[in-house]
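Text of the file work_8.cif, holding mmCIF, C-alpha atoms and all ligand atoms:
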data_input
loop_
_atom_site.label_atom_id
_atom_site.label_comp_id
_atom_site.auth_asym_id
_atom_site.auth_seq_id
_atom_site.Cartn_x
_atom_site.Cartn_y
_atom_site.Cartn_z
CA MET A 1 127.26 -28.93 3.13
CA LEU A 2 124.91 -31.84 3.95
CA GLY A 3 122.05 -30.38 1.89
CA ILE A 4 119.48 -31.73 4.38
CA ASP A 5 118.27 -28.33 5.58
CA GLY A 6 114.60 -27.53 4.81
CA LYS A 7 113.93 -30.92 3.21
CA THR A 8 111.22 -33.38 4.25
CA ALA A 9 111.83 -36.97 5.35
CA VAL A 10 109.47 -39.89 5.87
CA VAL A 11 110.75 -42.40 8.42
CA THR A 12 108.81 -45.64 8.97
CA GLY A 13 108.91 -47.44 12.31
CA ALA A 14 109.78 -44.09 13.87
CA GLY A 15 107.82 -44.70 17.06
CA GLN A 16 110.87 -45.94 18.95
CA GLY A 17 114.36 -47.37 18.55
CA ILE A 18 116.48 -46.80 15.45
CA GLY A 19 113.64 -45.07 13.54
CA ARG A 20 113.21 -42.48 16.27
CA ASP A 21 116.96 -41.83 16.38
CA ILE A 22 116.99 -41.35 12.60
CA ALA A 23 114.08 -38.87 12.70
CA LEU A 24 115.76 -36.90 15.50
CA LEU A 25 119.20 -36.78 13.86
CA LEU A 26 117.56 -35.54 10.65
CA ALA A 27 115.73 -32.85 12.65
CA GLU A 28 119.02 -31.81 14.28
CA ASN A 29 120.40 -31.36 10.77
CA GLY A 30 117.50 -29.22 9.57
CA ALA A 31 115.00 -31.66 8.04
CA ASP A 32 111.27 -31.90 8.78
CA ALA A 33 110.02 -35.40 9.52
CA ALA A 34 106.91 -37.50 9.02
CA ALA A 35 107.13 -40.13 11.77
CA VAL A 36 105.22 -43.21 10.55
CA ASP A 37 104.41 -46.13 12.84
CA MET A 38 101.74 -48.65 13.82
CA ASN A 39 102.27 -47.30 17.32
CA GLU A 40 100.57 -43.92 17.07
CA ALA A 41 101.58 -42.75 20.56
CA GLY A 42 105.25 -43.56 19.87
CA ALA A 43 105.15 -41.72 16.53
CA ALA A 44 103.50 -38.71 18.20
CA GLU A 45 106.25 -38.68 20.85
CA THR A 46 108.96 -38.81 18.17
CA ALA A 47 107.29 -35.91 16.30
CA ALA A 48 107.13 -33.89 19.54
CA LEU A 49 110.84 -34.57 20.21
CA ALA A 50 111.71 -33.47 16.65
CA ARG A 51 109.66 -30.26 17.06
CA ALA A 52 111.57 -29.60 20.28
CA LYS A 53 114.69 -29.47 18.08
CA GLY A 54 113.12 -26.58 16.17
CA ARG A 55 111.85 -28.42 13.09
CA GLU A 56 108.35 -29.26 11.89
CA ALA A 57 107.25 -32.85 12.37
CA ALA A 58 104.02 -34.85 12.24
CA ALA A 59 102.97 -38.37 13.22
CA PHE A 60 101.15 -40.77 10.91
CA ARG A 61 99.66 -44.12 11.94
CA CYS A 62 100.24 -46.75 9.29
CA ASP A 63 100.74 -50.50 8.86
CA VAL A 64 103.54 -50.62 6.26
CA GLY A 65 102.57 -54.21 5.35
CA SER A 66 99.20 -53.11 3.94
CA SER A 67 99.36 -51.49 0.50
CA GLU A 68 95.95 -49.82 1.03
CA ASP A 69 97.06 -48.35 4.37
CA VAL A 70 100.34 -47.13 2.85
CA GLU A 71 98.51 -45.46 -0.06
CA ARG A 72 96.17 -43.74 2.41
CA CYS A 73 99.10 -42.69 4.60
CA VAL A 74 101.14 -41.33 1.67
CA ARG A 75 98.11 -39.26 0.56
CA GLU A 76 97.96 -37.77 4.09
CA ILE A 77 101.71 -37.09 4.11
CA LEU A 78 101.55 -35.39 0.69
CA ALA A 79 98.64 -33.25 1.96
CA TRP A 80 100.91 -32.20 4.86
CA ARG A 81 103.96 -31.62 2.62
CA ALA A 82 103.83 -31.12 -1.15
CA GLU A 83 107.25 -32.72 -1.63
CA VAL A 84 108.98 -35.58 0.14
CA HIS A 85 112.73 -35.72 -0.47
CA PHE A 86 113.78 -38.61 1.76
CA LEU A 87 112.31 -42.01 2.60
CA VAL A 88 113.77 -44.28 5.24
CA ASN A 89 112.19 -47.77 5.26
CA ASN A 90 113.02 -48.74 8.82
CA ALA A 91 109.87 -50.48 10.19
CA GLY A 92 110.74 -54.06 10.96
CA ILE A 93 109.87 -57.00 13.19
CA ALA A 94 111.45 -60.31 14.21
CA ARG A 95 109.57 -63.55 15.03
CA ASP A 96 112.43 -65.95 15.72
CA ASN A 97 112.13 -69.72 15.64
CA LEU A 98 114.07 -72.68 14.30
CA LEU A 99 112.98 -73.66 10.78
CA LEU A 100 111.25 -76.90 11.83
CA ARG A 101 109.21 -75.04 14.43
CA MET A 102 108.54 -71.92 12.39
CA SER A 103 104.85 -71.43 11.64
CA ALA A 104 103.55 -70.07 8.35
CA ALA A 105 102.27 -67.07 10.33
CA GLU A 106 105.78 -66.33 11.73
CA TRP A 107 107.25 -66.58 8.23
CA GLU A 108 104.57 -64.46 6.55
CA SER A 109 104.35 -61.70 9.17
CA VAL A 110 108.10 -60.97 9.00
CA LEU A 111 108.20 -60.99 5.18
CA ARG A 112 105.07 -58.81 5.12
CA VAL A 113 106.45 -56.04 7.34
CA ASN A 114 110.17 -56.11 6.50
CA LEU A 115 110.08 -56.77 2.75
CA THR A 116 106.57 -55.99 1.50
CA GLY A 117 106.49 -52.91 3.73
CA THR A 118 109.67 -51.64 2.06
CA PHE A 119 108.13 -52.35 -1.38
CA ASN A 120 104.85 -50.61 -0.45
CA PHE A 121 106.39 -47.34 0.75
CA THR A 122 109.05 -47.25 -1.98
CA LYS A 123 106.43 -47.74 -4.68
CA ALA A 124 104.07 -45.13 -3.24
CA LEU A 125 106.71 -42.42 -2.79
CA SER A 126 108.97 -43.08 -5.78
CA ARG A 127 106.32 -41.75 -8.21
CA PRO A 128 106.35 -38.19 -6.79
CA MET A 129 110.16 -38.42 -6.37
CA ILE A 130 110.55 -39.35 -10.06
CA LYS A 131 108.28 -36.44 -11.01
CA SER A 132 110.37 -33.95 -9.06
CA ARG A 133 113.64 -35.54 -10.23
CA PHE A 134 114.92 -35.80 -6.67
CA GLY A 135 114.76 -38.53 -4.08
CA ARG A 136 116.89 -40.41 -1.57
CA ILE A 137 115.69 -43.76 -0.23
CA VAL A 138 117.47 -45.72 2.49
CA ASN A 139 116.29 -49.22 3.42
CA ILE A 140 117.28 -50.74 6.74
CA SER A 141 118.50 -54.29 6.18
CA SER A 142 120.63 -56.22 8.71
CA VAL A 143 123.88 -58.19 8.97
CA ILE A 144 121.57 -61.18 9.45
CA GLY A 145 120.49 -60.73 5.83
CA VAL A 146 124.15 -60.94 4.75
CA PHE A 147 125.49 -63.71 7.03
CA GLY A 148 122.32 -65.57 8.13
CA ASN A 149 121.61 -66.71 11.70
CA ALA A 150 120.15 -69.89 13.16
CA GLY A 151 116.59 -69.29 14.33
CA GLN A 152 116.05 -66.34 12.02
CA ALA A 153 115.33 -67.84 8.57
CA ASN A 154 112.32 -65.55 8.11
CA TYR A 155 114.19 -62.42 9.25
CA ALA A 156 117.34 -63.29 7.25
CA ALA A 157 115.28 -63.91 4.09
CA SER A 158 113.42 -60.62 4.52
CA LYS A 159 116.60 -58.61 5.08
CA ALA A 160 118.48 -60.31 2.20
CA GLY A 161 115.40 -59.52 0.12
CA VAL A 162 115.69 -55.86 1.09
CA ILE A 163 119.25 -55.82 -0.28
CA GLY A 164 118.22 -57.34 -3.63
CA PHE A 165 115.23 -55.02 -3.83
CA THR A 166 117.48 -52.02 -3.14
CA LYS A 167 119.97 -52.96 -5.87
CA ALA A 168 117.21 -53.50 -8.47
CA VAL A 169 115.28 -50.30 -7.69
CA ALA A 170 118.52 -48.28 -7.60
CA LYS A 171 119.08 -49.29 -11.24
CA GLU A 172 115.51 -48.35 -12.21
CA LEU A 173 115.52 -44.92 -10.59
CA ALA A 174 119.10 -43.63 -10.96
CA ALA A 175 118.40 -41.80 -14.23
CA ARG A 176 115.72 -39.75 -12.42
CA ASN A 177 118.10 -38.72 -9.63
CA VAL A 178 116.41 -41.00 -7.11
CA LEU A 179 119.17 -42.80 -5.20
CA VAL A 180 118.40 -46.01 -3.30
CA ASN A 181 120.70 -47.59 -0.72
CA ALA A 182 120.56 -50.07 2.12
CA VAL A 183 122.23 -50.10 5.53
CA ALA A 184 122.91 -53.44 7.24
CA PRO A 185 123.42 -52.72 10.95
CA GLY A 186 124.90 -55.23 13.37
CA PHE A 187 123.63 -55.62 16.94
CA ILE A 188 121.98 -52.37 18.03
CA GLU A 189 120.65 -51.74 21.57
CA THR A 190 116.87 -51.36 21.13
CA ALA A 191 113.65 -53.06 22.30
CA MET A 192 114.15 -55.62 19.49
CA THR A 193 117.42 -56.91 20.99
CA ALA A 194 116.73 -56.24 24.71
CA ALA A 195 114.81 -59.50 25.09
CA LEU A 196 117.74 -61.77 24.11
CA PRO A 197 119.28 -63.91 26.90
CA GLU A 198 122.47 -62.48 28.43
CA GLU A 199 124.50 -65.52 27.30
CA ARG A 200 123.50 -64.88 23.66
CA ARG A 201 124.22 -61.16 23.99
CA GLU A 202 127.70 -61.93 25.36
CA TRP A 203 128.42 -64.30 22.45
CA MET A 204 127.35 -61.60 20.00
CA ARG A 205 129.44 -58.95 21.76
CA GLN A 206 132.51 -61.16 21.27
CA GLN A 207 131.94 -61.17 17.48
CA ILE A 208 132.07 -57.36 17.31
CA PRO A 209 135.55 -55.88 16.65
CA LEU A 210 134.79 -52.80 18.81
CA GLY A 211 133.63 -55.08 21.65
CA ARG A 212 130.35 -53.22 22.23
CA PHE A 213 126.88 -52.99 20.74
CA GLY A 214 125.87 -50.12 18.49
CA SER A 215 123.29 -47.44 19.26
CA GLY A 216 120.45 -46.10 17.16
CA ARG A 217 122.50 -42.94 16.74
CA ASP A 218 125.30 -44.98 15.12
CA VAL A 219 122.85 -46.23 12.47
CA ALA A 220 121.26 -42.78 12.09
CA ALA A 221 124.68 -41.28 11.29
CA VAL A 222 125.10 -43.61 8.30
CA VAL A 223 121.55 -42.88 7.13
CA LEU A 224 122.24 -39.14 7.42
CA PHE A 225 125.33 -39.55 5.24
CA LEU A 226 123.39 -41.53 2.58
CA LEU A 227 120.62 -38.90 2.47
CA SER A 228 123.06 -36.02 2.29
CA ASP A 229 124.72 -34.35 -0.67
CA LEU A 230 127.96 -36.07 0.42
CA ALA A 231 126.50 -39.32 -0.98
CA SER A 232 125.20 -37.92 -4.28
CA TYR A 233 127.33 -40.50 -6.18
CA VAL A 234 126.23 -43.46 -4.06
CA THR A 235 123.37 -45.71 -5.19
CA GLY A 236 122.59 -49.43 -5.07
P1 LIG A 301 112.02 -51.65 17.34
O1 LIG A 301 112.60 -50.97 18.54
O2 LIG A 301 111.19 -52.87 17.55
O3 LIG A 301 111.19 -50.56 16.50
C1 LIG A 301 110.52 -50.91 15.33
C2 LIG A 301 109.34 -49.99 15.16
O4 LIG A 301 108.64 -50.40 13.96
C3 LIG A 301 108.34 -50.06 16.29
O5 LIG A 301 107.92 -48.77 16.68
C4 LIG A 301 107.20 -50.87 15.70
O6 LIG A 301 105.93 -50.55 16.24
C5 LIG A 301 107.27 -50.43 14.26
N1 LIG A 301 106.53 -51.37 13.41
C6 LIG A 301 106.45 -52.72 13.51
N2 LIG A 301 105.64 -53.21 12.59
C7 LIG A 301 105.18 -52.15 11.87
C8 LIG A 301 104.28 -52.02 10.77
N3 LIG A 301 103.67 -53.09 10.22
N4 LIG A 301 104.02 -50.78 10.27
C9 LIG A 301 104.59 -49.69 10.83
N5 LIG A 301 105.44 -49.75 11.88
C10 LIG A 301 105.72 -50.97 12.39
O7 LIG A 301 113.17 -52.09 16.32
P2 LIG A 301 114.61 -51.46 16.02
O8 LIG A 301 115.61 -52.30 16.71
O9 LIG A 301 114.60 -49.98 16.22
O10 LIG A 301 114.72 -51.83 14.47
C11 LIG A 301 114.48 -50.89 13.43
C12 LIG A 301 114.90 -51.52 12.12
O11 LIG A 301 116.29 -51.84 12.19
C13 LIG A 301 114.17 -52.83 11.80
O12 LIG A 301 113.95 -52.91 10.40
C14 LIG A 301 115.18 -53.88 12.23
O13 LIG A 301 114.98 -55.10 11.54
C15 LIG A 301 116.47 -53.20 11.85
N6 LIG A 301 117.67 -53.71 12.53
C16 LIG A 301 117.74 -53.72 13.88
C17 LIG A 301 118.87 -54.20 14.51
C18 LIG A 301 119.03 -54.25 16.01
O14 LIG A 301 120.01 -54.87 16.48
N7 LIG A 301 118.15 -53.63 16.78
C19 LIG A 301 119.96 -54.66 13.73
C20 LIG A 301 119.87 -54.62 12.35
C21 LIG A 301 118.71 -54.14 11.77
P3 LIG A 301 105.32 -51.50 17.40
O15 LIG A 301 106.14 -51.22 18.60
O16 LIG A 301 103.90 -51.06 17.49
O17 LIG A 301 105.48 -52.92 16.89
#
Could you quickly redo this structure as structure tokens?
Amino acid sequence: MLGIDGKTAVVTGAGQGIGRDIALLLAENGADAAAVDMNEAGAAETAALARAKGREAAAFRCDVGSSEDVERCVREILAWRAEVHFLVNNAGIARDNLLLRMSAAEWESVLRVNLTGTFNFTKALSRPMIKSRFGRIVNISSVIGVFGNAGQANYAASKAGVIGFTKAVAKELAARNVLVNAVAPGFIETAMTAALPEERREWMRQQIPLGRFGSGRDVAAVVLFLLSDLASYVTG
């Protein structure tokens, strides 16, 4: 019913956290996964965990912010698998600071990974997807990109950018049966959020109707839906 079985997914930032949970939930539902990450050891561990679920999986080291590195990585992935059906642009970083203290490097590094990285991988993989008249792309944005947050101007701008990018590309690719969507998770328990002070975490918990933080699996479930045949009328 999901239509995931036997298909191939590329998940960026799959070396840990939400990306790993996405790769593993896809494997549980019958997809093979290319686990892409800067952290080669983490990606290799994710691929091993996916293989333990009975699917094929491989790890690829790549800096999503570099278009040359992404082109090289996509060539390697396409040598491993002739067709890629799913792309999940999940790699992301945060470098928080108040605007007046934010350095150009903090601004640029976050835009480079979160927004340019999404552009790089989408551009590189949409060509073969267009050719085969099938593709599903899910970009991981954030509630911060919708509501904003003090101390995260760079992160908020990058994640709002991901939403605009998603809506534009969805319109370009819909006629070729390549569907493009974004997910904007709230506070998810991963390494990215573990470092926040307890006081801040408690304040955030109070904003959440369910009164608890989400898990990577919660995000992965939404991604699975958007990649599946159940969402074949959902784009942008
Ligand atoms: P995470 O635990 O920090 O994992 C992110 C992964 O991306 C890491 O393995 C990291 O590798 C990798 N990465 C960083 N820069 C990269 C690059 N240039 N090229 C390739 N891989 C790179 O973060 P997470 O919490 O799972 O977040 C995953 C995504 O969800 C991000 O886009 C994040 O913005 C988004 N998100 C998270 C939350 C949350 O509350 N956690 C909420 C909303 C949205 P290294 O370890 O080597 O840096």
8 Å from ligand LIG 301 (chain A) is the threshold here; counting only C-alpha atoms and all ligand atoms, which polymer residues fall inside it? Answer as a short mmCIF file (atom, residue, chain, number, x, y, z; two decimals) with C-alpha atoms, in the frame of the given file.
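The file below, out.cif, is the result:
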data_model
loop_
_atom_site.label_atom_id
_atom_site.label_comp_id
_atom_site.auth_asym_id
_atom_site.auth_seq_id
_atom_site.Cartn_x
_atom_site.Cartn_y
_atom_site.Cartn_z
CA THR A 12 108.81 -45.64 8.97
CA GLY A 13 108.91 -47.44 12.31
CA ALA A 14 109.78 -44.09 13.87
CA GLY A 15 107.82 -44.70 17.06
CA GLN A 16 110.87 -45.94 18.95
CA GLY A 17 114.36 -47.37 18.55
CA ILE A 18 116.48 -46.80 15.45
CA GLY A 19 113.64 -45.07 13.54
CA ARG A 20 113.21 -42.48 16.27
CA VAL A 36 105.22 -43.21 10.55
CA ASP A 37 104.41 -46.13 12.84
CA MET A 38 101.74 -48.65 13.82
CA ASN A 39 102.27 -47.30 17.32
CA GLU A 40 100.57 -43.92 17.07
CA GLY A 42 105.25 -43.56 19.87
CA ALA A 43 105.15 -41.72 16.53
CA ARG A 61 99.66 -44.12 11.94
CA CYS A 62 100.24 -46.75 9.29
CA ASP A 63 100.74 -50.50 8.86
CA VAL A 64 103.54 -50.62 6.26
CA GLY A 65 102.57 -54.21 5.35
CA SER A 66 99.20 -53.11 3.94
CA ASN A 89 112.19 -47.77 5.26
CA ASN A 90 113.02 -48.74 8.82
CA ALA A 91 109.87 -50.48 10.19
CA GLY A 92 110.74 -54.06 10.96
CA ILE A 93 109.87 -57.00 13.19
CA ALA A 94 111.45 -60.31 14.21
CA ARG A 112 105.07 -58.81 5.12
CA VAL A 113 106.45 -56.04 7.34
CA ASN A 114 110.17 -56.11 6.50
CA GLY A 117 106.49 -52.91 3.73
CA ILE A 140 117.28 -50.74 6.74
CA SER A 141 118.50 -54.29 6.18
CA SER A 142 120.63 -56.22 8.71
CA VAL A 143 123.88 -58.19 8.97
CA ILE A 144 121.57 -61.18 9.45
CA TYR A 155 114.19 -62.42 9.25
CA LYS A 159 116.60 -58.61 5.08
CA ALA A 184 122.91 -53.44 7.24
CA PRO A 185 123.42 -52.72 10.95
CA GLY A 186 124.90 -55.23 13.37
CA PHE A 187 123.63 -55.62 16.94
CA ILE A 188 121.98 -52.37 18.03
CA GLU A 189 120.65 -51.74 21.57
CA THR A 190 116.87 -51.36 21.13
CA ALA A 191 113.65 -53.06 22.30
CA MET A 192 114.15 -55.62 19.49
CA THR A 193 117.42 -56.91 20.99
CA GLY A 214 125.87 -50.12 18.49
CA GLY A 216 120.45 -46.10 17.16
#
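Shortest separation to Arg101 of chain A among A:Pro128, A:Gly135, A:Gly151, A:Gly54 occurs at residue A:Gly151, atoms counted being all atoms listed in the file.
Closest to Leu100 of chain A among A:Thr166, A:Ser126, A:Asn154, A:Asn120 is A:Asn154, based on all atoms listed in the file.
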Of the listed residues A:Glu45, A:Thr235, A:Glu83, A:Phe134, that which approaches Ala23 of chain A most closely, counting only C-alpha atoms: A:Glu45
Å distance separating atom CA of Ala157 of chain A from atom CA of Ala182 of chain A, one decimal place: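 Between these atoms lies a distance of 14.9 Å.
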Point-to-point distance in Å for atom CA of Asn139 of chain A and atom CA of Val219 of chain A: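 So the answer is 11.6 Å.
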For atom CA of Ser228 of chain A and atom CA of Val183 of chain A, the interatomic separation in Å (one decimal): 14.5 Å
For Ala35 of chain A, work out the shell of residues within 7 Å, counting only C-alpha atoms and skipping chain neighbours fewer than 3 positions away, then give it as a CSV table (one decimal) with C-alpha atoms, in the frame of the given file.
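Output (out-v6.csv):
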chain,number,residue,atom,x,y,z
A,10,VAL,CA,109.5,-39.9,5.9
A,11,VAL,CA,110.8,-42.4,8.4
A,12,THR,CA,108.8,-45.6,9.0
A,14,ALA,CA,109.8,-44.1,13.9
A,43,ALA,CA,105.2,-41.7,16.5
A,46,THR,CA,109.0,-38.8,18.2
A,47,ALA,CA,107.3,-35.9,16.3
A,58,ALA,CA,104.0,-34.8,12.2
A,59,ALA,CA,103.0,-38.4,13.2
A,60,PHE,CA,101.2,-40.8,10.9
Within 7 Å of Leu115 of chain A using only C-alpha atoms, minus same-chain residues under 5 positions, as a PyMOL selection string: chain A and resi 158+161-162
Restricted to C-alpha atoms, what would the selected residues look like written as a PDB file, keeping the file's coordinate frame?
ATOM      1  CA  SER A 158     113.420 -60.620   4.520  1.00  0.00           C
ATOM      2  CA  GLY A 161     115.400 -59.520   0.120  1.00  0.00           C
ATOM      3  CA  VAL A 162     115.690 -55.860   1.090  1.00  0.00           C
TER       4      VAL A 162
END
Among the residues A:Ala150, A:Leu173, A:Val70, A:Ala104, the one that comes closest to Arg133 of chain A [using all atoms listed in the file]: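 Ranked by minimum distance to Arg133 of chain A, first place goes to A:Leu173.
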For Phe165 of chain A, the nearest of the candidates A:Asn181, A:Gln206, A:Ser132, A:Ser215, counting all atoms listed in the file: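 Under the stated criterion, the closest residue is A:Asn181.
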Please enclose the listed atoms of segment 59-74 of chain A in an axis-aligned box, pad each side by 8 Å, and write out the centre and the three edge lengths in Å, rounded to one decimal, as AutoDock Vina command-line options.
--center_x 99.7 --center_y -46.3 --center_z 6.6 --size_x 23.6 --size_y 31.8 --size_z 29.3
Pick from A:Val146, A:Met1, A:Ala156, A:Leu227, whichever lies nearest to Trp107 of chain A using all atoms listed in the file: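 Going through A:Val146, A:Met1, A:Ala156, A:Leu227 one by one, the smallest distance to Trp107 of chain A is for A:Ala156.
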